[in-house]
Structure formats: C-alpha cells, structure tokens
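Q: Dropping a structure here in structure tokens format, bear with me for questions.
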Amino acid sequence: VQRFAGDARPAPRLQSQTEPPGRGGMSQRFLVTAVHSRRDGLQNGDSNDSSLTPRQNTVPILQYLREPNRYGDGIPKESSPFINNTDIDKGNLYEGKNLALFEEEMDRNPMVSSLLNRLANYTNLTQGVREHEEAENNEGPRKKEIKAPRMGTFIGVYLPCLQNILGVILFLRLTWIVGAAGIFGSFWIVFMCCACTLLTAISMSAIATNGVVPAGGSYYMISRSLGPEFGGAVGICFYLGTTFAGAMYILGTIEILLTYIVPSAAIFKAQDPSEENTALLNNMRVYGTCAITLMATVVFVGVKYVNKLALVFLACVILSILAIYAGVIKTAFNPPDFPVCMLGNRTLAWQTFDVCAKFSIEGNETVTTQLWQLFCDSPYLNATCNEYFNLNNVTVIQGIPGIASGVIVDNIWSTYGSQGEMLEKEGIPSVPASGDAPDTGLPYVFSDIATYFTMLVGIYFPSVTGIMAGSNRSGDLKDAQKSIPTGTLLAIITTSFIYFTCIILFGACIEGVLLRDKFGESVNGNLVIGMLAWPSPWVIVIGSFFSTCGAGLQSLTGAPRLMQAIARDGIVPFLRVFGHGKANGEPTWALLLTAGICEIGILIASLDSVAPILSMFFLMCYMFVNLACALQTLLKTPNWRPRFKYYHWTLSFLGMSLCLALMFICSWYYALVAMVIAGCIYKYIEYRGAEKEWGDGIRGLSLNAARYALLRLEDGPPHTKNWRPQLLILLNLDAEQNVKHPRLLSLTTQLKAGKGLSIVGSVLEGTFLERHADVQSAEQNIKSLMGLEKTKGFCQVVVSSNRRDGVSHLTQSSGLGGMKPNTVLVTWPELWRQSDGPTGWKNFVDMVRETTAAHQALLVTKNIDSFPPNQERFAGGTIDIWWIVHDGGLLMLLPFLLSQHKVWRKCKMRIFTVAQIDDNSIQMKKDLHLFLYQLRLDAEVEVVEMLDNDISAFTYERTLVMEQRSQMLKQMQLSKNEREREAQLIHDRNAAAHSSAAAKVSLAPEGVHMTWTKEKISAEKNRNKESLSPEGVRDIFNMKPEWGNLNQSNVRRMHTAVRLNEVVVNKSQDARLVLLNMPGPPKNRQGDENYMEFLEVLTEGLNRVLMVRGGGSEVITIYS
C-alpha cells in the first residue's frame, strides 16, 4: 500500500489501515499496488520521491476490498463472475485458503462475492445507436466516459407516454366524434379504449417488473414471455402498427397544413364542391410523399436532432391542451364570436360568400348577396332560385355559445349520418322542398363519410396508444421496475381525465352542427378546436402541427429500431438483412423498409382509413401482452415474481377479451387480415425460423398440459382403438459414437403414421463419471441423425457396466406414465456367431425374454442396411405378411402404417397364412377375407398348405452341426481368436453341407399344395405312419449313425424352420418387405444358441425381413 498525497513514508500493513468507507477519505488517498510492479520499492525506511504518482496498475482500495484475491501477489485471479466466461485463464487456480474446498470449481462457478459485485455495478445502457459525431469523437485517443442512465419516472416514463398518447386524433377528430356519437356515446368509446389500455398497462407493469427489462421494451417482453413464434408475429404486428402510426401522423400534419395553415398551397383544386374530397386526398398524397422523404432523410442524418426537438414537441402538446381549458373557462363569461350560417336547418359552408343573408341594403337599395347568386340563376330579385332557398330563411347561430348556454342538452345523444348527408340542426324551422332538384353544387356542408359507433371506435383508438413509450425506454431508466408501472399508469390516468373532460366540455360549449363539421367549412375553414382555445386559434393550429410532425419523426425513429431488434434476434430468416446498417449502428435498411410501408399509408391518404389499420396492430399487440401476463400468472412458474403486485389474471384476461372485442368492433375485416398476417408469420417462424429457448410461457403451458395429460393417461391401459406403436429404438454406436445403422431411424420415420411416441436409445459400457462426455457426444450425433431422418422423438443414452443391463434399464425406465414404449425396435445381430463369446446372442435372447415379460412388442429387422431411405419411392411391389400365429394383430397393423408413408404408398399388401393337414383351406381363405374386410384393410389373401413331409437329410445335418458347435463352446474355453476361427470353420461347414444336401435332396413337385383333397389327406397320413414306424426310422438312421443321437426337439424345430423358409422364399423372394411372426425363445436356457440358429435358418434367402413378436394384447379391432 502506498500513500501518494505527499507522505512518502512506508505504510503499515493493510489490515491496520482499512477503515469503513467514507471515514477519513480512505478511498481517495490509498491504492493497492501489485508487488511485482514495484521496481524501485522502499527499503529500510528510505524515503522515495515526494511527488510519487500512482502507477497504471494501481487500484483503488475499495476495489481491492471487493476482490482481494485479484490483487497483491501478481497472479491474476478470476476475471468475471459470470459462469462459463471464456476470458478466464484456465491455467491459474484459485489459491485462497478459506474456500480451498471449492478451488477446482472456480473455473466454472464464480465466487458469490465476485458475482454480487459485478451485478451491483451492472448498468443496462440503451440500445440506441451512436451518432456520427459521437462515433468520430470516440475514435480519438481518449473515449468519452459513458454515464449511467439517470432518468426517473417523470422524465423517463410519464412525459414520453403523455406525448405519445395525446396527439393528432385529439386535435383533428375528437370534436367530430363528440358531434356524431354525442357525449354519451363518446364517453363509452373513450371508456372502452382507456379501460383496454389501463388493463394492458397493468399486465405490462407486471411483466416489466419481473426482472430486468433490456432496451427493446414491448417486443422484448412479449417475445420472452410467449416464445419466438408469438414474439415474432406480435413484434412484426407492433412494428407495422408503429409504422402506420407514422403515416397517420404525417397525414395529420399535411391535413393541418393544407386545411388550416396554407390552404392556397394545394396543388389539386376542386372545380366542383363534390370533388373537394378527391382533391384533398390527392394533395395529401403528394405532400405526404414529400414529407416522408424529408423526415426519413432527417432520421438518416441523425437521430439526435429528433431527440433534441422532443422537448419542443412535448411543450406544443401541453400548451395546446392548456389553451383549450383556458378557452373553455373564457366561454363562461365571454363566448367567442364564431357565427354559423344556416339556411332553414341546413348548415352552409361559409367559404364562398361574405354575408349570411339573401339581401343587403346599400344606399336605400336592396341588392342580392353572393349567397343569392349561389342559389339563383342571376343576381336579380326576379331570378329563378332553388326551391328550398325560396321557402326557408337564412339565420345565423353562434358556433360556440359557451359553457353556460345549455347546449350540452342537445349534444348528449348521437347524431349519426350517412355519406353525403347535409348537416342539419334540430329545433330550427325548415320547410322541405317538394321537388327532387339535386343539392350538389350548392354551398351546403356535407358529411364526407358515414358515421356509426364501431367506425368511430376504430378512428379514436389510436389516440390512446403510446402506453409502451416508457417500456421502450427501459434501458435509460434509473429504476425501470419502479418507473415503468408508476409513470405509465399515471400517464394513462392523466390522459383519460383529459379525454373525458374534453368530451364533456366540447359538448357543453360547441354547437352540434359545428362539432359534426369535420373540416370547419361552416366557420370559413377554421379548426373547430382552435376556435375554442385562448388566446388565439393559432396556438392550437401551430401546436398541433408541430406535435403531429414530431410524433411522425419519432415513429420513423422507433419503428426501424424495432425491426432491427427483430432481425437481429434471427427468428424470422428473411428479415435478417434488416439487422444491418451503417457503421455506427443506424438501421439503414430497416429505415428504408419503414419509409416504404409508410408510403402505403400515405397513398391511402385518408386519416379515417389509416387509423383503423394501426388500431388492429396495436390491439393485437396489447392482446398478447395481456395473454402473456395471464399465462404466467396461471402457470405460477417459479421465476414469475413481479415487484408490481396489483395485478390478477382475471384483469389480464378481461383486457385480452376487450382487445379482441375492440378489434372486431373497429373493423371485422381488418381484424381478420391482421390475424391472418400474424398467423402466417407464426407458422413461418415455427417452420423455418431459428429455434430459441427464452423460457417463455408457451413452453410452460406445454409442460403443464403435458403433465395434465400424463396424469390422465395413468388411469389405465389404452383401449385397443387408441393403441399405436410407442417405439423404443435401440441403436448400436461405433467407437466414435456414431450410429452404425442409420436406416433404423428411416424405418422409424416411415412407421410414424401412427403418430406415437419415439424414444431413440443406446447403451455405452462403462461408468457415467468416466463417459459423460461420450454420452453428450452420442446424444448430439443421434439428434443430428434424427433431424436428417425427420424422426420426431426423444433421445436417451445410458451408461451401464454391461450392455445387457443397459438395455434392460432402457426397456424398464424409458418413457413417463402412460407414455411408456410398448414396442421395441432393434436390428438383428448379423455377426452373432463371430461376437466375443456368447455375449452377443445371449444379450439378444435375454432382451426378447424381457420384452415378453414386460408385455412389449418386439420388432427385429434383418438386413437393415438394405431398407429404403426416406427419399426413395417404390413404384410398385408387395409387402408380404406371413401370419402364422395370432399375437394381437400387430403383424397386420404395421404394413398399414408403412403404407401411409410415401416410400411404401404404392406397395400392395399380401397376407399368407399356413394351413395344417386337418384345416379346411378354402374356408380359411373365406374367413380371412371377411376378417380383413371388417378390419378395413385391403390385401390379397393366400392360404399355403404345408405337407408334413419326411425330415430331410439337410435338416439332420444342420441340426448336427448346430449341436456340435454348442457342445464345443460349452466344453472349451477358447480365446477370442480361437473362438472366431472355430465359428468360421463351422460356418463354412454349414455352407458346404447346405450345398451338398441341396444337390441330393430336391423338393417333390407336390411339396406345396393350395387345396387339400380326401385322397391327398389319406395318402399323407399313410406316409406319415410309415415314416414314423421303427423300420422307417431305422432306415433313415442307417444313412448316418450319428443322427440317432440328436435331440429330437431340436430336429423338429429345425425341420419347421427349414420347411417354412422354403415356402416363404418360394412365395416372397421378390417382395419389397417380408413380415413374419417371430417365435419365442425356449423356456430352457440351454437352447438359447440353438434359438438363434432357428431364426437364422427361418429368414435365410430373404432381402428385407421384419420379424414381429406381439406384446400379448390386441392392437387392432373390427369394431368402430
């Protein structure tokens, strides 16, 4: 420890100088220096230079106290508290004494003190981009010091939400909505929309306070709560909503500019009053395109200019609202003079005439006015005029009679109208015209669109959006978990109060016909809400212009960054290009996309048509925020611990239902289109998107649903109609943990028409501690192969001391509850004769016995490598089923499942059964046809009759070789090489015996018959009696004396295998696949090796074989 404030004497030991922080300025004056860095250290009390300065590798004392193990001995210790940090030097071990027990884990798991220290210093900076100027400054020798975010609730959340919620609809459309829907209807519209946003804000507050919310706000919350599929779909909908909001703000800006500020700037001018609406839309398209180009350029050049002007835009909004309230108060004692000209009860557009009268007196002479000339064919008193003009008087009423006038009574109820309808005031005498003369071209005020409740909801809803502004700035907040709920809810309450009071005040101060005059034509084209404001209408006009312009700029700033965040998440592959931008991070491509989509809204041109579009996208976003909160609350996941406690799943569910209802209330066809867009994005992400594990609620819902279903399945075994093969596939791996027979997974995929469970398992020999790395490698290889083969299922690799126990563990413990495997799929051990000792075939036979004991079906594939891959398509051929014994019907169900796959779809089924000597084969064939018809299976039927022929010499020779080999293996303990040699000798001897016997013994022509006759039956019985007589047996044994010592049970079994193999090869040698019953192992374990020989003989000469052994239960039924 060295002191550098003028005292150069050696310091005492560190322990004596450590004081609590803040006492004596210790943290400012003392530093800890690594020992090896002191080249000119102090010795024997000698003083050093008094101007001693701290070296580069000195550290503050408090930092030393936080992590004392990193400093003082020159050896770097752990550099990060985060687990699996790649920057840790694996060679340096933890050398502390207090925690020496854990020193071997320090490279993976950090010390708690270090972790807490890093978390305490964690600052989540905004994801906003660096500007050109900042990037250039940061390239210098010394970079700017990054300051921690310091925004509180008021500046960081309340004011941005206030600015985003209050906007163009308040200034341009709220008076019109009050005039059409009345105070009562408008109250309900505002109440529904504000209730929707309030409930959504409660749900959002719960999600936002459940942990640290990085910058990204609403998209981050939705995607991490509902998963990548929902997150991507809703994120893109939120992006589209924000983009169309930008188009709406730009249209509002242009409408204010061309209608109220500079009407003469219009490029397209209407020659006829009926064309005014079309001319206005064309002007908005031209000016809107120019505005979007200019704003996109400003955003491209630098966002910091937009941010600097944000305060100006906010001031415009607040001043405009204050001017409205001030104007309302003024109307109580001094209403403004804004006359409205009425012809009868019809409102006139006071833009094309100067005096609201038919005549005027000029020098004792009555002259007609401009209004007269508009309704009559000449300026003279004897002119022919419009009939309604002749029958009704012209009157003037005050457009803003004031809050004390009692006009509120007339504005309570709705006054909806159709498109092109004239604005009429009730209570004024009017004489209708009898003629059918058209009123077009006359200076009346017409409604440009039809008004009804649901349409007004869609137009108004954008005025309550913007509640996400606080959560979008979460990265800039000092305490996001406290600021977001408080600021957002206060902003919603404030704006709701403003909207409710404005509705009542507008209805109490302004005449109904003026409220329904959307563009202020009856008051010479002035903004209606502006006339109410004090001190001047220009306060509202200029304020609303700048506020809408600023809101458009902010939408063009925020939407590209939202798209960039979605693109960089990588969940939508075709959007990845929009994650790139300029060198300083500006989302250039996303800005171009946003400007292009904005242009679509500009070309629509009508503010009233664009508003429902963005309402759909925002409502869908809010709906899923509520769904996320309700889902997390109902699932009660351990990680769901929001600091905001004032939420409940019923409120979230109510908010979700209200959002859905509002979508269809606003526009049912827009709602369907938005849902189709979101659904298509969802399915695309599910099919092609990147798989992300975000701990989302949908996965939690799946776990709960799976748990519930598994508990329900525990009630009992499945009914025969619900039986499907739940496969346990046992794979063999090589030394590199690769799968030896990949075609076994191909067959699994082809069998999966049953949509059952698939568990792909394998066994590694050894101990888990030694082979856990091999287990991970094997699982990774198996899962990769499962992906290539499109095998849907699970992977399970176990480690056992020997393979037999491992297979037993898999067959016993695989699956869960009612989802346990009921069928085991394995390959035939091709080299069972050459395996190390009897282990190979003994494992196989034991597995057959264990599956039988567990009532599991067994499928054994022979020549698995010749089975077709999933890409192959058989153009024809047959699948032959040899139904010898009935063991539940699995033998007939499997070909049906295979035929559902593209590989086997064009193959026909053939079913063979074997008739004994006493069976009526003709009746058997009829019964089998009927049985297959009732099973709804299409297959050819053939009954094969097997004569009980004499046992051939080949059978005796094959049995003799089998028993000799078995006896030798029992008597001799051969080494590995000797045993393999012996096995090869016996195999060669078998082949030679088979060829010689085949040359000597040929099948009789009547070996296989299709129909039994009485003569054949009697002849066959006499043959059997003769062959079984002692003389006959003695004659046969005279051929080879050693045959007499054979086990007659083995001889009979071998005879069955040989005869059945001859019949199967004769009928099914060219079949695409042969399925046959697999006989069970002998009860006496002494004959296990002979059992393998019987199966080998049974399937010789066949290309693809699937031996099937049922599980003892019926798996197919004739009943519905």
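In the structure tokens, each chain is lettered A, B, ... as it comes, each chain's residues begin at 1, and ligands are numbered from 1 in order of appearance.
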Near stretch 925-937 of chain A, within 10 Å and counting only C-alpha atoms, which residues show up once chain neighbours fewer than 6 positions away are dropped, as a list in words?
A: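 Selected residues are Met892, Leu893, Pro895, Phe896, Met909, Ile911, Phe912, Thr913, Ala915, Val943, Val944, Ile1116, Thr1117, Ile1118, Tyr1119 and Ser1120 of chain A.
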Q: So that each row is one residue of stretch 440-552 of chain A with an atom at most 12 Å from stretch 275-288 of chain A, can you give its shortest atom pair and the distance in Å to one decimal, using only C-alpha atoms, rows by chain and rising number, as a Markdown table?
A:
| residue | atom | partner | partner_atom | distance |
| --- | --- | --- | --- | --- |
| A:Thr440 | CA | A:Glu275 | CA | 10.4 |
| A:Gly441 | CA | A:Glu275 | CA | 9.7 |
| A:Pro443 | CA | A:Glu276 | CA | 12.0 |
| A:Val445 | CA | A:Glu276 | CA | 11.6 |
| A:Phe446 | CA | A:Asn277 | CA | 10.5 |
| A:Ser447 | CA | A:Asn277 | CA | 10.4 |
| A:Asp448 | CA | A:Asn277 | CA | 7.3 |
| A:Ile449 | CA | A:Asn277 | CA | 10.2 |
| A:Lys518 | CA | A:Asn277 | CA | 11.9 |
| A:Phe519 | CA | A:Asn277 | CA | 10.7 |
| A:Glu521 | CA | A:Glu276 | CA | 11.5 |
| A:Cys549 | CA | A:Gly288 | CA | 11.4 |
| A:Gly552 | CA | A:Gly288 | CA | 11.2 |
Q: Taking into account only C-alpha atoms, which residue in the set A:Gln780, A:Ser463, A:Ser418, A:Asn393 is nearest to A:Leu174?
A: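 Selected residue with least distance to A:Leu174: A:Ser463.
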Q: Determine, for each residue of stretch 395-486 of chain A having at least one atom at most 7 Å from an atom of stretch 663-666 of chain A, the closest pair of atoms and their separation in Å to one decimal, counting only C-alpha atoms; order by chain and ascending number, as a tab-separated table.
A:
residue	atom	partner	partner_atom	distance
A:Thr454	CA	A:Cys666	CA	5.1
A:Met455	CA	A:Cys666	CA	5.6
A:Val457	CA	A:Cys666	CA	5.7
A:Gly458	CA	A:Cys666	CA	4.3
Q: Can you pull out the residues contacting A:Thr331? Cut-off 9 Å, using only C-alpha atoms, and skip same-chain residues under 2 positions away; I want them as a ChimeraX atom specification.
A: /A:326-329,333-336,400-404,509,532
